[in-house]
Amino acid sequence: MAAISTVRPCIPTVASWSMPDRPGRGRWPTAPVIYEIYPRSFRDTTGSGEGDLNGITSGLDYIASLGVDAVWIAPFFLTGFEDGGYDVIDHRVVDPRFGTLADFDRLVERAHDLGLLVIVDQVLNHSSDQHELFLRSIQGNESCAAAYVWRDAKPDGTAPNNWLSFFGPPAWTWNHKRQQYYLHQYLPSQPSFNLRNADVQAKHRDEMRFWLNRGVDGFRLDAVSAYLFDERLPDNPPARPETRHRMAAAENNPYSMQNHVYDLLPGDGASYAQLLRDWAGQDVWLLGEINTGNNSVEVARDFVCPEGLDAAYVVDLPESDGSVATVVDMMDRGAGDGAIAWWMTSHDQPRRAAATPGTARFYLLLQAILPGPMMVYQGEELALPRVELSRDEVADPFDLMYWPDGPGREEARIPIPWTETPPRYGFTYGTPWLPMRWPEGVSVAAGGRDGVLSFFRAVIGFRKEHGFGAHRVSWKEPKPGQLELFLTTGSGDWLARFNQSDRHMPAPEAPPNLCSHALTPLGLPPGGGAIWRR
């Protein structure tokens, strides 16, 4: 293979970061590996065709065998299910389709027995339009109305300003009973809370403490960068070309055409994160979703501080189809200090990272050695591929709004294949809520595509053994599509290379400690990633 003169090369880096000192959070490691569970699609124990809490409990031994530190359980609260469970009717009630509070308590107990920490979602930004407070606000209860954002129409009857919802349509919906518009940054069925309201704050504080009293170890905070807005309601200006490509929305979505400087006030939100820390206490791990798209890394780093969040995650990498150039851009903007959690797939993002088993291995290795927490979504350890759904099989409102130009969210929610037997694949003994058409050899029982499950366990073990995630890193982009990382952990110095170019990348003479693809005499092949001890 093509060799470089030494395994410890001269390092002309773009920049470097070291992990700053951060407070300990009880039993939490500095940079945990978090496994996201979408309850509806994990495992069904009742035959309803929808996953449930007991199904999660039955799968915890498997999850623990992966070597991850924690499970993040997406919403299982009482919901209208207009937006995949993120339209919450009551934050303290388990939706009957998922089980009961007693089922949840057993889940937490079993997770802790296995050494797993438990994160649950907190959807503080908005509620369902079926929430009691919102229904009472429509009927004229002004204290309940103050919990939301009601505003009068302009003299010509139009909305108070030009703000758009994240899904594209206007962020204001008229209610004929109140004769006012209400704000919703997502669907009309998700009215935004007025988070500056003291009663709303007390409500959210008590809900967080309710779940902490049931043994929860951390919270994932939904849409944290969207919490606050400019109460003067000025129009948003057009998006600048240099920021539009970073938007957390496709270019066919008009949301990407605005510069969201008034409907999103992350600077105020960062101080709000300190309030959340006060509510949660010092031993609870807090993870924030930053989905503004505007200066996302910079915003995330404002939220992460000893008195605020422990980490945040942004959409830049998955929205760029996992480009290593995006990794460089994010690191240049501050993502190298451990404040950013690295991820590729979620219940809201297509399974881009698993186009092939080799691609899955590439991204698993990359995520595992970058500084900061690592987040994986159920099925990534199996290299589950994208499976297309027809229009009549899709119910997600966002998918239907942009059908067929997607990429859509529903396909990432197709239930997990536990066995090789279609059409239920061990997920249910009923009819799955989404059709399961998995190719042969991708199930848990089969070890995932091309043995990716074994590689996943090896990568997580390697990360933990050598202290990746909490380390010093320097980087450069030798050529377009190529990434070179120089890392220092408690176990020594490391060199990693990731190649998305169309030509081989030089490789050290020493064999790699871990690689996604076999090296050739020419070095690291296109699509490959590898790491060496220096």
# chains A, B, ... in the order shown; residues from 1 in each chain; ligands from 1
$ residues_around --residues "Ile290 (chain A)" --least-positions-apart "2" --cutoff "8 Å" --atoms "only C-alpha atoms" --output "MDAnalysis selection string"
chainID A and resid 223:225 288 292:293 296 299:300 312:315
$ write_last_selection --atoms "N, CA and C atoms" --output "mmCIF file, in the first residue's frame"
data_model
loop_
_atom_site.group_PDB
_atom_site.id
_atom_site.type_symbol
_atom_site.label_atom_id
_atom_site.label_comp_id
_atom_site.auth_asym_id
_atom_site.auth_seq_id
_atom_site.Cartn_x
_atom_site.Cartn_y
_atom_site.Cartn_z
ATOM 1 N N ALA A 223 -37.012 20.748 20.320
ATOM 2 C CA ALA A 223 -37.116 22.084 19.718
ATOM 3 C C ALA A 223 -36.672 23.193 20.663
ATOM 4 N N VAL A 224 -35.579 22.965 21.387
ATOM 5 C CA VAL A 224 -35.180 23.904 22.437
ATOM 6 C C VAL A 224 -34.828 25.279 21.885
ATOM 7 N N SER A 225 -34.329 25.338 20.662
ATOM 8 C CA SER A 225 -33.939 26.634 20.099
ATOM 9 C C SER A 225 -35.137 27.443 19.610
ATOM 10 N N GLY A 288 -30.344 18.923 24.200
ATOM 11 C CA GLY A 288 -31.246 19.801 23.478
ATOM 12 C C GLY A 288 -31.219 19.590 21.984
ATOM 13 N N THR A 292 -32.872 25.042 14.355
ATOM 14 C CA THR A 292 -33.085 26.303 13.660
ATOM 15 C C THR A 292 -32.445 26.308 12.286
ATOM 16 N N GLY A 293 -31.289 25.665 12.149
ATOM 17 C CA GLY A 293 -30.563 25.704 10.886
ATOM 18 C C GLY A 293 -29.722 26.947 10.733
ATOM 19 N N SER A 296 -26.434 26.924 13.580
ATOM 20 C CA SER A 296 -26.869 25.914 14.537
ATOM 21 C C SER A 296 -25.785 25.543 15.538
ATOM 22 N N VAL A 299 -25.277 28.340 18.017
ATOM 23 C CA VAL A 299 -26.409 28.382 18.939
ATOM 24 C C VAL A 299 -26.298 27.258 19.962
ATOM 25 N N ALA A 300 -25.973 26.060 19.491
ATOM 26 C CA ALA A 300 -25.873 24.911 20.389
ATOM 27 C C ALA A 300 -24.841 25.149 21.483
ATOM 28 N N ALA A 312 -26.002 19.292 22.952
ATOM 29 C CA ALA A 312 -27.075 19.597 22.008
ATOM 30 C C ALA A 312 -26.733 18.938 20.684
ATOM 31 N N TYR A 313 -27.733 18.746 19.851
ATOM 32 C CA TYR A 313 -27.450 18.187 18.528
ATOM 33 C C TYR A 313 -28.126 19.029 17.463
ATOM 34 N N VAL A 314 -27.487 19.064 16.295
ATOM 35 C CA VAL A 314 -27.922 19.916 15.190
ATOM 36 C C VAL A 314 -28.167 19.042 13.962
ATOM 37 N N VAL A 315 -28.787 19.628 12.939
ATOM 38 C CA VAL A 315 -29.197 18.847 11.773
ATOM 39 C C VAL A 315 -28.185 18.886 10.634
#
$ residues_around --residues "Leu133 (chain A)" --least-positions-apart "6" --cutoff "12 Å" --atoms "only C-alpha atoms" --output "ChimeraX atom specification"
/A:88-90,126-127,139-148,191-194,199-200,203
$ select_by_dssp --residues "region 280-431 of chain A" --states "alpha helix (DSSP H)" --output "number ranges by chain"
A: 280, 296-303, 316-319, 324-330, 357-369, 397-401
$ write_last_selection --atoms "N, CA and C atoms" --output "compact mmCIF listing (two decimals), in the first residue's frame"
# COMPACT_ATOMS: atom_id res chain seq x y z
N ALA A 280 -34.29 20.68 36.84
CA ALA A 280 -33.87 19.28 36.75
C ALA A 280 -32.94 18.88 37.88
N SER A 296 -26.43 26.92 13.58
CA SER A 296 -26.87 25.91 14.54
C SER A 296 -25.79 25.54 15.54
N VAL A 297 -24.55 25.35 15.07
CA VAL A 297 -23.48 24.96 15.98
C VAL A 297 -23.22 26.06 17.00
N GLU A 298 -23.17 27.30 16.52
CA GLU A 298 -22.93 28.42 17.41
C GLU A 298 -24.04 28.54 18.46
N VAL A 299 -25.28 28.34 18.02
CA VAL A 299 -26.41 28.38 18.94
C VAL A 299 -26.30 27.26 19.96
N ALA A 300 -25.97 26.06 19.49
CA ALA A 300 -25.87 24.91 20.39
C ALA A 300 -24.84 25.15 21.48
N ARG A 301 -23.71 25.73 21.11
CA ARG A 301 -22.66 25.95 22.09
C ARG A 301 -23.06 27.00 23.13
N ASP A 302 -23.98 27.89 22.77
CA ASP A 302 -24.49 28.84 23.75
C ASP A 302 -25.36 28.14 24.80
N PHE A 303 -26.06 27.09 24.39
CA PHE A 303 -26.93 26.37 25.31
C PHE A 303 -26.15 25.47 26.27
N ASP A 316 -27.10 19.63 10.80
CA ASP A 316 -26.20 19.90 9.68
C ASP A 316 -25.69 18.63 9.00
N LEU A 317 -25.20 17.67 9.78
CA LEU A 317 -24.57 16.49 9.17
C LEU A 317 -25.58 15.61 8.44
N PRO A 318 -26.69 15.19 9.06
CA PRO A 318 -27.65 14.39 8.30
C PRO A 318 -28.25 15.12 7.11
N GLU A 319 -28.48 16.44 7.24
CA GLU A 319 -29.07 17.19 6.13
C GLU A 319 -28.11 17.31 4.95
N VAL A 324 -18.25 14.72 4.77
CA VAL A 324 -17.14 15.03 5.67
C VAL A 324 -16.79 16.51 5.59
N ALA A 325 -17.11 17.16 4.48
CA ALA A 325 -16.91 18.61 4.41
C ALA A 325 -17.77 19.31 5.45
N THR A 326 -18.95 18.77 5.73
CA THR A 326 -19.81 19.33 6.76
C THR A 326 -19.20 19.12 8.14
N VAL A 327 -18.57 17.96 8.35
CA VAL A 327 -17.88 17.73 9.62
C VAL A 327 -16.81 18.80 9.83
N VAL A 328 -16.02 19.07 8.78
CA VAL A 328 -14.98 20.09 8.88
C VAL A 328 -15.61 21.45 9.18
N ASP A 329 -16.67 21.79 8.46
CA ASP A 329 -17.34 23.07 8.68
C ASP A 329 -17.86 23.18 10.11
N MET A 330 -18.47 22.12 10.61
CA MET A 330 -18.99 22.14 11.97
C MET A 330 -17.87 22.27 12.99
N PRO A 357 -23.91 -1.73 3.63
CA PRO A 357 -23.28 -2.06 4.91
C PRO A 357 -21.97 -1.31 5.13
N GLY A 358 -21.21 -1.10 4.05
CA GLY A 358 -19.96 -0.35 4.17
C GLY A 358 -20.19 1.09 4.58
N THR A 359 -21.23 1.70 4.02
CA THR A 359 -21.57 3.07 4.41
C THR A 359 -21.96 3.13 5.88
N ALA A 360 -22.72 2.14 6.33
CA ALA A 360 -23.10 2.10 7.75
C ALA A 360 -21.87 2.01 8.64
N ARG A 361 -20.92 1.15 8.27
CA ARG A 361 -19.69 1.03 9.08
C ARG A 361 -18.91 2.34 9.08
N PHE A 362 -18.85 3.01 7.93
CA PHE A 362 -18.14 4.29 7.80
C PHE A 362 -18.67 5.29 8.82
N TYR A 363 -20.01 5.46 8.86
CA TYR A 363 -20.58 6.48 9.75
C TYR A 363 -20.54 6.07 11.21
N LEU A 364 -20.67 4.78 11.49
CA LEU A 364 -20.55 4.35 12.88
C LEU A 364 -19.16 4.65 13.42
N LEU A 365 -18.13 4.38 12.62
CA LEU A 365 -16.77 4.67 13.07
C LEU A 365 -16.56 6.17 13.21
N LEU A 366 -17.04 6.95 12.25
CA LEU A 366 -16.87 8.40 12.31
C LEU A 366 -17.54 8.97 13.56
N GLN A 367 -18.79 8.61 13.80
CA GLN A 367 -19.50 9.13 14.96
C GLN A 367 -18.82 8.72 16.27
N ALA A 368 -18.29 7.51 16.29
CA ALA A 368 -17.73 6.98 17.54
C ALA A 368 -16.47 7.69 17.98
N ILE A 369 -15.71 8.27 17.05
CA ILE A 369 -14.44 8.86 17.45
C ILE A 369 -14.46 10.39 17.46
N PRO A 397 -48.08 13.92 8.29
CA PRO A 397 -48.51 15.13 7.57
C PRO A 397 -47.39 15.82 6.81
N PHE A 398 -46.19 15.79 7.34
CA PHE A 398 -45.06 16.41 6.65
C PHE A 398 -44.74 15.65 5.36
N ASP A 399 -44.74 14.31 5.44
CA ASP A 399 -44.49 13.50 4.25
C ASP A 399 -45.53 13.77 3.17
N LEU A 400 -46.79 13.82 3.57
CA LEU A 400 -47.86 14.03 2.60
C LEU A 400 -47.80 15.43 2.00
N MET A 401 -47.36 16.41 2.78
CA MET A 401 -47.29 17.78 2.29
C MET A 401 -46.33 17.92 1.13
$ residues_around --residues "Tyr429 (chain A)" --least-positions-apart "2" --cutoff "10 Å" --atoms "only C-alpha atoms" --output "ChimeraX atom specification"
/A:44-49,423-427,431-432
$ write_last_selection --atoms "C-alpha atoms" --output "PDB file, in the first residue's frame"
ATOM      1  CA  ASP A  44     -45.370  -4.877  20.105  1.00  0.00           C
ATOM      2  CA  THR A  45     -46.505  -7.207  22.905  1.00  0.00           C
ATOM      3  CA  THR A  46     -50.289  -6.846  22.530  1.00  0.00           C
ATOM      4  CA  GLY A  47     -50.943  -7.625  18.865  1.00  0.00           C
ATOM      5  CA  SER A  48     -52.127  -4.083  18.179  1.00  0.00           C
ATOM      6  CA  GLY A  49     -49.495  -3.660  15.484  1.00  0.00           C
ATOM      7  CA  PRO A 423     -44.639  -9.970   7.037  1.00  0.00           C
ATOM      8  CA  ARG A 424     -44.333  -9.340  10.808  1.00  0.00           C
ATOM      9  CA  TYR A 425     -40.603 -10.018  11.317  1.00  0.00           C
ATOM     10  CA  GLY A 426     -41.082 -10.793  15.015  1.00  0.00           C
ATOM     11  CA  PHE A 427     -42.254  -7.233  15.710  1.00  0.00           C
ATOM     12  CA  THR A 431     -50.667  -6.245  11.518  1.00  0.00           C
ATOM     13  CA  PRO A 432     -47.752  -3.767  11.690  1.00  0.00           C
TER      14      PRO A 432
END
$ residues_around --residues "Ala383 (chain A)" --least-positions-apart "4" --cutoff "9 Å" --atoms "only C-alpha atoms" --output "list of chain:residue names"
A:Arg351, A:Ala353, A:Ala354, A:Ala355, A:Thr356, A:Pro357, A:Thr359, A:Ala360, A:Arg361, A:Gly379, A:Val442, A:Gly448, A:Arg449, A:Asp450, A:Val452, A:Leu453
$ atom_distance --atom1 "CA of Leu287 (chain A)" --atom2 "CA of Asp121 (chain A)"
9.5 Å
$ closest_residue --among "A:Glu420, A:Asp332, A:Leu522, A:Val376" --to "Glu477 (chain A)" --atoms "only C-alpha atoms"
A:Asp332
$ closest_residue --among "A:Gly168, A:Val304, A:Glu231, A:Arg196" --to "Ser256 (chain A)" --atoms "only C-alpha atoms"
A:Gly168
$ closest_residue --among "A:Met505, A:Leu60, A:Leu66, A:Ala412" --to "Phe456 (chain A)" --atoms "only C-alpha atoms"
A:Leu66
$ atom_distance --atom1 "CA of Ser189 (chain A)" --atom2 "CA of Ala395 (chain A)"
15.0 Å
$ residues_around --residues "His347 (chain A)" --least-positions-apart "4" --cutoff "10 Å" --atoms "only C-alpha atoms" --output "PyMOL selection string"
chain A and resi 36-38+41+74+84+351+377-378+409-414
$ residues_around --residues "Gly85 (chain A)" --least-positions-apart "5" --cutoff "7 Å" --atoms "only C-alpha atoms" --output "list in words"
Pro75, Phe76 and Thr79 of chain A
$ select_by_dssp --residues "region 193-414 of chain A" --states "strand (DSSP E)" --output "PDB file with N, CA and C atoms, in the first residue's frame"
ATOM      1  N   GLY A 218     -32.502  11.545  32.678  1.00  0.00           N
ATOM      2  CA  GLY A 218     -32.192  12.676  31.812  1.00  0.00           C
ATOM      3  C   GLY A 218     -33.371  13.015  30.928  1.00  0.00           C
ATOM      4  N   PHE A 219     -33.254  14.163  30.257  1.00  0.00           N
ATOM      5  CA  PHE A 219     -34.305  14.619  29.359  1.00  0.00           C
ATOM      6  C   PHE A 219     -33.712  15.026  28.023  1.00  0.00           C
ATOM      7  N   ARG A 220     -34.424  14.672  26.964  1.00  0.00           N
ATOM      8  CA  ARG A 220     -34.160  15.228  25.642  1.00  0.00           C
ATOM      9  C   ARG A 220     -35.195  16.323  25.440  1.00  0.00           C
ATOM     10  N   LEU A 221     -34.726  17.534  25.200  1.00  0.00           N
ATOM     11  CA  LEU A 221     -35.584  18.710  25.119  1.00  0.00           C
ATOM     12  C   LEU A 221     -35.888  19.012  23.661  1.00  0.00           C
ATOM     13  N   TRP A 285     -29.049  14.590  33.227  1.00  0.00           N
ATOM     14  CA  TRP A 285     -28.393  14.929  31.959  1.00  0.00           C
ATOM     15  C   TRP A 285     -29.417  15.548  31.014  1.00  0.00           C
ATOM     16  N   LEU A 286     -29.062  16.685  30.410  1.00  0.00           N
ATOM     17  CA  LEU A 286     -29.974  17.421  29.534  1.00  0.00           C
ATOM     18  C   LEU A 286     -29.396  17.521  28.133  1.00  0.00           C
ATOM     19  N   LEU A 287     -30.187  17.091  27.158  1.00  0.00           N
ATOM     20  CA  LEU A 287     -29.811  17.107  25.743  1.00  0.00           C
ATOM     21  C   LEU A 287     -30.819  17.950  24.983  1.00  0.00           C
ATOM     22  N   GLY A 288     -30.344  18.923  24.200  1.00  0.00           N
ATOM     23  CA  GLY A 288     -31.246  19.801  23.478  1.00  0.00           C
ATOM     24  C   GLY A 288     -31.219  19.590  21.984  1.00  0.00           C
ATOM     25  N   GLU A 289     -32.390  19.658  21.352  1.00  0.00           N
ATOM     26  CA  GLU A 289     -32.498  19.618  19.897  1.00  0.00           C
ATOM     27  C   GLU A 289     -32.433  21.048  19.361  1.00  0.00           C
ATOM     28  N   ILE A 290     -31.425  21.324  18.533  1.00  0.00           N
ATOM     29  CA  ILE A 290     -31.279  22.633  17.894  1.00  0.00           C
ATOM     30  C   ILE A 290     -31.670  22.460  16.433  1.00  0.00           C
ATOM     31  N   ALA A 311     -25.369  18.774  26.457  1.00  0.00           N
ATOM     32  CA  ALA A 311     -25.032  18.624  25.037  1.00  0.00           C
ATOM     33  C   ALA A 311     -26.244  19.034  24.220  1.00  0.00           C
ATOM     34  N   ALA A 312     -26.002  19.292  22.952  1.00  0.00           N
ATOM     35  CA  ALA A 312     -27.075  19.597  22.008  1.00  0.00           C
ATOM     36  C   ALA A 312     -26.733  18.938  20.684  1.00  0.00           C
ATOM     37  N   TYR A 313     -27.733  18.746  19.851  1.00  0.00           N
ATOM     38  CA  TYR A 313     -27.450  18.187  18.528  1.00  0.00           C
ATOM     39  C   TYR A 313     -28.126  19.029  17.463  1.00  0.00           C
ATOM     40  N   VAL A 314     -27.487  19.064  16.295  1.00  0.00           N
ATOM     41  CA  VAL A 314     -27.922  19.916  15.190  1.00  0.00           C
ATOM     42  C   VAL A 314     -28.167  19.042  13.962  1.00  0.00           C
ATOM     43  N   MET A 374     -22.487  10.386  21.345  1.00  0.00           N
ATOM     44  CA  MET A 374     -22.850   9.695  20.109  1.00  0.00           C
ATOM     45  C   MET A 374     -24.299   9.251  20.238  1.00  0.00           C
ATOM     46  N   MET A 375     -25.101   9.534  19.215  1.00  0.00           N
ATOM     47  CA  MET A 375     -26.506   9.156  19.216  1.00  0.00           C
ATOM     48  C   MET A 375     -26.781   8.210  18.053  1.00  0.00           C
ATOM     49  N   VAL A 376     -27.427   7.099  18.345  1.00  0.00           N
ATOM     50  CA  VAL A 376     -27.821   6.163  17.292  1.00  0.00           C
ATOM     51  C   VAL A 376     -29.319   5.905  17.417  1.00  0.00           C
ATOM     52  N   TYR A 377     -29.930   5.638  16.297  1.00  0.00           N
ATOM     53  CA  TYR A 377     -31.369   5.392  16.237  1.00  0.00           C
ATOM     54  C   TYR A 377     -31.607   3.908  16.037  1.00  0.00           C
TER      55      TYR A 377
END
$ closest_residue --among "A:Arg25, A:Arg214, A:His176, A:His131" --to "Glu109 (chain A)" --atoms "only C-alpha atoms"
A:Arg214
$ closest_atom_pairs --of "region 158-240 of chain A" --to "region 262-274 of chain A" --cutoff "8 Å" --atoms "only C-alpha atoms" --output "CSV"
residue,atom,partner,partner_atom,distance
A:Trp163,CA,A:Asp263,CA,6.9
A:Val224,CA,A:Gly269,CA,7.2
A:Ser225,CA,A:Pro266,CA,5.1
A:Ala226,CA,A:Leu264,CA,5.2
A:Tyr227,CA,A:Gly269,CA,6.1
A:Leu228,CA,A:Leu265,CA,5.4
A:Phe229,CA,A:Asp263,CA,4.6
A:Asp230,CA,A:Tyr262,CA,5.2
A:Leu233,CA,A:Tyr262,CA,7.1
A:Pro234,CA,A:Tyr262,CA,6.6
A:Asp235,CA,A:Tyr262,CA,7.3
A:Asn236,CA,A:Tyr262,CA,6.1
$ residues_around --residues "Gly490 (chain A)" --least-positions-apart "4" --cutoff "8 Å" --atoms "only C-alpha atoms" --output "PyMOL selection string"
chain A and resi 466-467+471
$ write_last_selection --atoms "C-alpha atoms" --output "tab-separated table (two decimals), in the first residue's frame"
chain	number	residue	atom	x	y	z
A	466	HIS	CA	-9.80	4.30	24.62
A	467	GLY	CA	-11.89	7.21	25.88
A	471	HIS	CA	-10.64	13.96	24.08
